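K.L.:
I'd like to ask some things about the structure below.
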Amino acid sequence: MEFLPTLWFILIAVLWGGYLFLEGFDLGVGMLMKTFAKNEKQRRVLLNTVGPVWDGNEVWLVTAGAATFAAFPYWYASLFSTLYVPLTLVLVALIFRAVAFEYRGKAHTRTARNGWDWAIFLGSFVAAFGVGAMLALSTTGLPLNANGDRVGGPFAWFNMYAVLGGLGVVAFCLIHALAFLGLKTDGDIRDRAARLVARWLPLALAPLAIWAVAVVLLNQSVVALAPLGLAVCALLFAWLQARKNNEGLVFIGLGVFLLAGVAAIFTAAYPNVLPSTIDAAFNLTVSNASSTPYTLRLMSIVAAFGLPMVLAYQAWTYWVFRKRVAEAHIPEAHHVTSIV
């Protein structure tokens with residue numbers, strides 16, 4: 001296989017791994033707004049933990065989509081046209097979620113705040129499920145013909161792998177968010193989050209692990225067994241540390257599990273970027289779906305400067321907002337009257 005298409009396949013896998021790791025916990029925090037927080041102050045604590053970083057985390061999603069479009073236009077065209085229904089729902093969910101983050105604090109009634117809470121919850125859930133379904137189908141296959149066009153109706157993509165991927169990402173986001181709250185909060189929220197992580201971690205990670213194993217078995221990839229084994233070890237490590245209440249090590253273990261799992265899935269799928277469930281001869285690969293060498297060379301030069309800058313400013317953001325948030329830090333809600 002050619003070097004540059006393979007390099008960009010790896011970079012896109014890295015971008016998706018980075019997105020799931022960083023956006024995973026803030027999507028999970030969004031879902032916990034209606035399932036974990038007990039009162040208004042706790043919901044405000046949850047919002048404050050992700051408030052400075054959630055929009056920066058979404059840069060990874062935009063970059064992953066843009067990189068796919070530029071490096072593998074046939075992959076992008078087939079994927080987005082076949083999955084236009086779920087991806088449209090994901091886009092709408094992210095819009096509602098973003099608007100709710102900005103406007104919730106401006107609501108003056110309990111009913112209005114509750115409405116924005118539901119927008120955050122549903123936006124986070126739909127986005128996580130949709131992204132998980134899309135990635136699962138990208139690695140297990142879609143009904144594509146020789147032209148890369150979908151065969152069947154608008155829901156021909158819906159199968160058990162879509163459900164498995166969707167549930168896998170949703171469950172990971174929830175457990176990742178609880179581990180994140182263990183690092184970013186104090187008091188009752190921190191204590192309850194630690195207990196839930198220790199209790200539910202293996203079950204929450206099971207769908208993602210099953211997805212990774214299924215892709216490795218479908219492609220009979222021996223090379224992918226190494227990152228898959230690392231993912232299993234990271235899962236066991238994270239669970240052991242959760243039972244010991246070592247919050248930082250739990251978060252690291254979850255991160256290693258995710259990144260190793262993503263590595264196993266993309267390694268097993270290679271060289272296919274989008275398999276066809278109709279005929280393996282119709283598979284889109286890193287060779288037949290990629291852009292021209294000139295385009296990939298130019299993209300590589302830009303990425304060599306742009307990616308380190310993104311990593312640097314995000315690392316700086318997390319460092320600045322590294323301190324814990326507790327209910328005692330949240331002032332009582334009050335109205336502000338303009339003097340103009």
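Chain labels A, B, ... are given in the sequence in which chains occur in the structure tokens; within each chain residues are numbered consecutively from 1, and ligands are likewise numbered from 1 in the order shown.
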Excluding same-chain residues fewer than 4 positions from segment 124-132 of chain A, what lies within 10 Å of it counting only C-alpha atoms, as a PyMOL selection string?

P.N.:
chain A and resi 16+20+23-24+26-32+61+83+85-98+118-120+136-138+161-174+208

K.L.:
Could you name the residues that touch segment 13-15 of chain A at 12 Å or less, counting only C-alpha atoms, but leaving out those on the same chain fewer than 5 positions away, as a PDB file with N, CA, C and O atoms, in the first residue's frame?

P.N.:
ATOM      1  N   THR A   6      -1.951   5.424   3.625  1.00  0.00           N
ATOM      2  CA  THR A   6      -1.896   4.688   4.897  1.00  0.00           C
ATOM      3  C   THR A   6      -1.681   5.648   6.060  1.00  0.00           C
ATOM      4  O   THR A   6      -2.297   5.503   7.129  1.00  0.00           O
ATOM      5  N   LEU A   7      -0.798   6.635   5.872  1.00  0.00           N
ATOM      6  CA  LEU A   7      -0.551   7.621   6.922  1.00  0.00           C
ATOM      7  C   LEU A   7      -1.828   8.359   7.287  1.00  0.00           C
ATOM      8  O   LEU A   7      -2.134   8.544   8.480  1.00  0.00           O
ATOM      9  N   TRP A   8      -2.624   8.742   6.284  1.00  0.00           N
ATOM     10  CA  TRP A   8      -3.847   9.497   6.574  1.00  0.00           C
ATOM     11  C   TRP A   8      -4.954   8.617   7.140  1.00  0.00           C
ATOM     12  O   TRP A   8      -5.789   9.082   7.905  1.00  0.00           O
ATOM     13  N   LEU A  20     -13.304  10.666  20.726  1.00  0.00           N
ATOM     14  CA  LEU A  20     -14.030   9.831  21.681  1.00  0.00           C
ATOM     15  C   LEU A  20     -13.473   9.984  23.097  1.00  0.00           C
ATOM     16  O   LEU A  20     -14.227   9.927  24.076  1.00  0.00           O
ATOM     17  N   PHE A  21     -12.165  10.185  23.214  1.00  0.00           N
ATOM     18  CA  PHE A  21     -11.571  10.346  24.534  1.00  0.00           C
ATOM     19  C   PHE A  21     -11.959  11.684  25.159  1.00  0.00           C
ATOM     20  O   PHE A  21     -12.365  11.740  26.328  1.00  0.00           O
ATOM     21  N   LEU A  22     -11.849  12.771  24.404  1.00  0.00           N
ATOM     22  CA  LEU A  22     -12.107  14.104  24.959  1.00  0.00           C
ATOM     23  C   LEU A  22     -13.595  14.444  24.985  1.00  0.00           C
ATOM     24  O   LEU A  22     -14.113  14.937  25.988  1.00  0.00           O
ATOM     25  N   GLU A  23     -14.278  14.187  23.900  1.00  0.00           N
ATOM     26  CA  GLU A  23     -15.704  14.497  23.866  1.00  0.00           C
ATOM     27  C   GLU A  23     -16.513  13.456  24.620  1.00  0.00           C
ATOM     28  O   GLU A  23     -17.638  13.719  25.042  1.00  0.00           O
ATOM     29  N   ASN A  57     -13.406  20.449  22.570  1.00  0.00           N
ATOM     30  CA  ASN A  57     -13.390  19.012  22.301  1.00  0.00           C
ATOM     31  C   ASN A  57     -14.039  18.677  20.961  1.00  0.00           C
ATOM     32  O   ASN A  57     -13.649  17.710  20.290  1.00  0.00           O
ATOM     33  N   GLU A  58     -15.030  19.459  20.560  1.00  0.00           N
ATOM     34  CA  GLU A  58     -15.721  19.184  19.304  1.00  0.00           C
ATOM     35  C   GLU A  58     -14.871  19.495  18.080  1.00  0.00           C
ATOM     36  O   GLU A  58     -15.211  19.096  16.966  1.00  0.00           O
ATOM     37  N   VAL A  59     -13.751  20.195  18.281  1.00  0.00           N
ATOM     38  CA  VAL A  59     -12.827  20.440  17.172  1.00  0.00           C
ATOM     39  C   VAL A  59     -12.358  19.118  16.571  1.00  0.00           C
ATOM     40  O   VAL A  59     -12.161  19.001  15.358  1.00  0.00           O
ATOM     41  N   TRP A  60     -12.210  18.106  17.424  1.00  0.00           N
ATOM     42  CA  TRP A  60     -11.740  16.813  16.927  1.00  0.00           C
ATOM     43  C   TRP A  60     -12.749  16.167  15.984  1.00  0.00           C
ATOM     44  O   TRP A  60     -12.366  15.507  15.017  1.00  0.00           O
ATOM     45  N   LEU A  61     -14.033  16.353  16.237  1.00  0.00           N
ATOM     46  CA  LEU A  61     -15.066  15.825  15.344  1.00  0.00           C
ATOM     47  C   LEU A  61     -15.024  16.525  13.990  1.00  0.00           C
ATOM     48  O   LEU A  61     -15.056  15.886  12.939  1.00  0.00           O
ATOM     49  N   VAL A  62     -14.953  17.840  14.028  1.00  0.00           N
ATOM     50  CA  VAL A  62     -14.904  18.620  12.785  1.00  0.00           C
ATOM     51  C   VAL A  62     -13.662  18.252  11.984  1.00  0.00           C
ATOM     52  O   VAL A  62     -13.713  18.069  10.759  1.00  0.00           O
ATOM     53  N   THR A  63     -12.536  18.126  12.671  1.00  0.00           N
ATOM     54  CA  THR A  63     -11.282  17.806  11.988  1.00  0.00           C
ATOM     55  C   THR A  63     -11.311  16.401  11.398  1.00  0.00           C
ATOM     56  O   THR A  63     -10.816  16.172  10.287  1.00  0.00           O
ATOM     57  N   ALA A  64     -11.891  15.441  12.139  1.00  0.00           N
ATOM     58  CA  ALA A  64     -11.990  14.076  11.622  1.00  0.00           C
ATOM     59  C   ALA A  64     -12.844  14.034  10.354  1.00  0.00           C
ATOM     60  O   ALA A  64     -12.483  13.377   9.370  1.00  0.00           O
ATOM     61  N   GLY A  65     -13.979  14.742  10.361  1.00  0.00           N
ATOM     62  CA  GLY A  65     -14.826  14.792   9.167  1.00  0.00           C
ATOM     63  C   GLY A  65     -14.145  15.483   8.005  1.00  0.00           C
ATOM     64  O   GLY A  65     -14.201  15.007   6.860  1.00  0.00           O
ATOM     65  N   ALA A  66     -13.474  16.606   8.284  1.00  0.00           N
ATOM     66  CA  ALA A  66     -12.793  17.347   7.222  1.00  0.00           C
ATOM     67  C   ALA A  66     -11.624  16.551   6.656  1.00  0.00           C
ATOM     68  O   ALA A  66     -11.388  16.552   5.435  1.00  0.00           O
ATOM     69  N   ALA A  67     -10.888  15.852   7.519  1.00  0.00           N
ATOM     70  CA  ALA A  67      -9.763  15.047   7.050  1.00  0.00           C
ATOM     71  C   ALA A  67     -10.245  13.894   6.168  1.00  0.00           C
ATOM     72  O   ALA A  67      -9.613  13.572   5.155  1.00  0.00           O
ATOM     73  N   THR A  68     -11.363  13.285   6.543  1.00  0.00           N
ATOM     74  CA  THR A  68     -11.932  12.213   5.721  1.00  0.00           C
ATOM     75  C   THR A  68     -12.337  12.745   4.355  1.00  0.00           C
ATOM     76  O   THR A  68     -12.069  12.125   3.313  1.00  0.00           O
ATOM     77  N   LEU A 135     -19.352   4.840  13.305  1.00  0.00           N
ATOM     78  CA  LEU A 135     -18.025   4.236  13.338  1.00  0.00           C
ATOM     79  C   LEU A 135     -18.109   2.717  13.267  1.00  0.00           C
ATOM     80  O   LEU A 135     -17.272   2.062  12.618  1.00  0.00           O
ATOM     81  N   SER A 138     -18.761   1.821   9.732  1.00  0.00           N
ATOM     82  CA  SER A 138     -17.584   2.087   8.901  1.00  0.00           C
ATOM     83  C   SER A 138     -16.592   0.931   8.957  1.00  0.00           C
ATOM     84  O   SER A 138     -15.827   0.713   8.010  1.00  0.00           O
ATOM     85  N   THR A 139     -16.603   0.192  10.049  1.00  0.00           N
ATOM     86  CA  THR A 139     -15.618  -0.878  10.227  1.00  0.00           C
ATOM     87  C   THR A 139     -16.197  -2.271  10.010  1.00  0.00           C
ATOM     88  O   THR A 139     -15.437  -3.237   9.915  1.00  0.00           O
ATOM     89  N   LEU A 258      -9.738   2.794  25.639  1.00  0.00           N
ATOM     90  CA  LEU A 258     -10.373   3.368  24.451  1.00  0.00           C
ATOM     91  C   LEU A 258      -9.403   3.439  23.282  1.00  0.00           C
ATOM     92  O   LEU A 258      -9.711   2.991  22.171  1.00  0.00           O
ATOM     93  N   LEU A 259      -8.233   4.025  23.507  1.00  0.00           N
ATOM     94  CA  LEU A 259      -7.287   4.239  22.414  1.00  0.00           C
ATOM     95  C   LEU A 259      -6.771   2.909  21.872  1.00  0.00           C
ATOM     96  O   LEU A 259      -6.609   2.760  20.654  1.00  0.00           O
ATOM     97  N   ALA A 260      -6.531   1.940  22.756  1.00  0.00           N
ATOM     98  CA  ALA A 260      -6.100   0.630  22.285  1.00  0.00           C
ATOM     99  C   ALA A 260      -7.224  -0.068  21.523  1.00  0.00           C
ATOM    100  O   ALA A 260      -6.986  -0.744  20.512  1.00  0.00           O
ATOM    101  N   GLY A 261      -8.465   0.090  21.993  1.00  0.00           N
ATOM    102  CA  GLY A 261      -9.601  -0.490  21.286  1.00  0.00           C
ATOM    103  C   GLY A 261      -9.782   0.108  19.898  1.00  0.00           C
ATOM    104  O   GLY A 261     -10.022  -0.616  18.918  1.00  0.00           O
ATOM    105  N   VAL A 262      -9.667   1.434  19.800  1.00  0.00           N
ATOM    106  CA  VAL A 262      -9.755   2.104  18.496  1.00  0.00           C
ATOM    107  C   VAL A 262      -8.628   1.620  17.585  1.00  0.00           C
ATOM    108  O   VAL A 262      -8.833   1.358  16.389  1.00  0.00           O
ATOM    109  N   ALA A 263      -7.413   1.486  18.142  1.00  0.00           N
ATOM    110  CA  ALA A 263      -6.281   0.991  17.357  1.00  0.00           C
ATOM    111  C   ALA A 263      -6.538  -0.418  16.847  1.00  0.00           C
ATOM    112  O   ALA A 263      -6.245  -0.736  15.684  1.00  0.00           O
ATOM    113  N   ALA A 264      -7.109  -1.270  17.686  1.00  0.00           N
ATOM    114  CA  ALA A 264      -7.415  -2.645  17.269  1.00  0.00           C
ATOM    115  C   ALA A 264      -8.448  -2.658  16.149  1.00  0.00           C
ATOM    116  O   ALA A 264      -8.310  -3.401  15.170  1.00  0.00           O
ATOM    117  N   ILE A 265      -9.480  -1.833  16.281  1.00  0.00           N
ATOM    118  CA  ILE A 265     -10.545  -1.799  15.277  1.00  0.00           C
ATOM    119  C   ILE A 265     -10.023  -1.315  13.928  1.00  0.00           C
ATOM    120  O   ILE A 265     -10.257  -1.941  12.888  1.00  0.00           O
ATOM    121  N   PHE A 266      -9.278  -0.213  13.926  1.00  0.00           N
ATOM    122  CA  PHE A 266      -8.784   0.328  12.658  1.00  0.00           C
ATOM    123  C   PHE A 266      -7.674  -0.548  12.072  1.00  0.00           C
ATOM    124  O   PHE A 266      -7.554  -0.661  10.847  1.00  0.00           O
ATOM    125  N   THR A 267      -6.860  -1.169  12.921  1.00  0.00           N
ATOM    126  CA  THR A 267      -5.817  -2.078  12.424  1.00  0.00           C
ATOM    127  C   THR A 267      -6.447  -3.287  11.750  1.00  0.00           C
ATOM    128  O   THR A 267      -6.003  -3.725  10.678  1.00  0.00           O
ATOM    129  N   ALA A 268      -7.492  -3.817  12.361  1.00  0.00           N
ATOM    130  CA  ALA A 268      -8.170  -4.971  11.778  1.00  0.00           C
ATOM    131  C   ALA A 268      -8.864  -4.616  10.466  1.00  0.00           C
ATOM    132  O   ALA A 268      -8.896  -5.420   9.528  1.00  0.00           O
ATOM    133  N   ALA A 269      -9.426  -3.405  10.408  1.00  0.00           N
ATOM    134  CA  ALA A 269     -10.161  -2.995   9.205  1.00  0.00           C
ATOM    135  C   ALA A 269      -9.234  -2.718   8.023  1.00  0.00           C
ATOM    136  O   ALA A 269      -9.637  -2.886   6.868  1.00  0.00           O
ATOM    137  N   TYR A 270      -8.024  -2.269   8.283  1.00  0.00           N
ATOM    138  CA  TYR A 270      -7.065  -1.913   7.233  1.00  0.00           C
ATOM    139  C   TYR A 270      -6.833  -3.092   6.282  1.00  0.00           C
ATOM    140  O   TYR A 270      -6.720  -4.228   6.740  1.00  0.00           O
ATOM    141  N   VAL A 273     -11.402   1.031   4.142  1.00  0.00           N
ATOM    142  CA  VAL A 273     -11.918   2.197   4.856  1.00  0.00           C
ATOM    143  C   VAL A 273     -13.432   2.112   4.979  1.00  0.00           C
ATOM    144  O   VAL A 273     -14.018   2.705   5.893  1.00  0.00           O
ATOM    145  N   ALA A 303      -0.851  19.470   8.440  1.00  0.00           N
ATOM    146  CA  ALA A 303      -1.086  18.728   9.683  1.00  0.00           C
ATOM    147  C   ALA A 303       0.143  18.745  10.583  1.00  0.00           C
ATOM    148  O   ALA A 303       0.021  18.746  11.811  1.00  0.00           O
ATOM    149  N   LEU A 307      -1.636  20.125  13.903  1.00  0.00           N
ATOM    150  CA  LEU A 307      -1.972  19.182  14.974  1.00  0.00           C
ATOM    151  C   LEU A 307      -1.235  19.486  16.281  1.00  0.00           C
ATOM    152  O   LEU A 307      -1.861  19.497  17.344  1.00  0.00           O
ATOM    153  N   VAL A 310      -3.017  22.401  17.995  1.00  0.00           N
ATOM    154  CA  VAL A 310      -4.285  22.008  18.622  1.00  0.00           C
ATOM    155  C   VAL A 310      -4.023  21.309  19.951  1.00  0.00           C
ATOM    156  O   VAL A 310      -4.665  21.599  20.975  1.00  0.00           O
ATOM    157  N   LEU A 311      -3.076  20.386  19.947  1.00  0.00           N
ATOM    158  CA  LEU A 311      -2.742  19.669  21.180  1.00  0.00           C
ATOM    159  C   LEU A 311      -2.224  20.628  22.251  1.00  0.00           C
ATOM    160  O   LEU A 311      -2.566  20.499  23.433  1.00  0.00           O
TER     161      LEU A 311
END

K.L.:
For a quick check of understanding, using only C-alpha atoms, which of A:Ala328, A:Val215, A:Glu40, A:Ala71 has the smallest distance to Leu298 of chain A?

P.N.:
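Among A:Ala328, A:Val215, A:Glu40, A:Ala71, it is A:Ala71 that comes nearest to Leu298 of chain A.
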
K.L.:
Using only C-alpha atoms, can you tell me which of A:Ala214, A:Leu46, A:Phe3, A:Phe282 comes closest to Ala177 of chain A?

P.N.:
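Under the stated criterion, the closest residue is A:Leu46.
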
K.L.:
Check which residues of segment 182-277 of chain A sit at most 10 Å from segment 73-81 of chain A using only C-alpha atoms, and return one row each with the closest pair of atoms and their distance in Å to one decimal, ordered by chain and rising number, as a tab-separated table.

P.N.:
residue	atom	partner	partner_atom	distance
A:Asn272	CA	A:Trp75	CA	9.8
A:Val273	CA	A:Trp75	CA	6.7
A:Leu274	CA	A:Trp75	CA	6.5
A:Pro275	CA	A:Trp75	CA	9.9

K.L.:
Using only C-alpha atoms, which of the listed residues (A:Thr109, A:Val99, A:Pro143, A:Thr82) sits closest to Asn283 of chain A?

P.N.:
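Nearest to Asn283 of chain A: A:Pro143.
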
K.L.:
Give me, please, the distance in Å between atom CA of Val50 of chain A and atom CA of Phe25 of chain A, quoted to one decimal.

P.N.:
8.6 Å

K.L.:
By how many Å are atom CA of Pro5 of chain A and atom CA of Ser287 of chain A apart?

P.N.:
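Going from atom CA of Pro5 of chain A over to atom CA of Ser287 of chain A, I get 6.7 Å.
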
K.L.:
Running DSSP on the backbone, which parts of segment 194-331 of chain A land in helix (DSSP H, G or I), as a PyMOL selection string?

P.N.:
chain A and resi 194-219+225-243+247-269+280-282+293-320+327-329
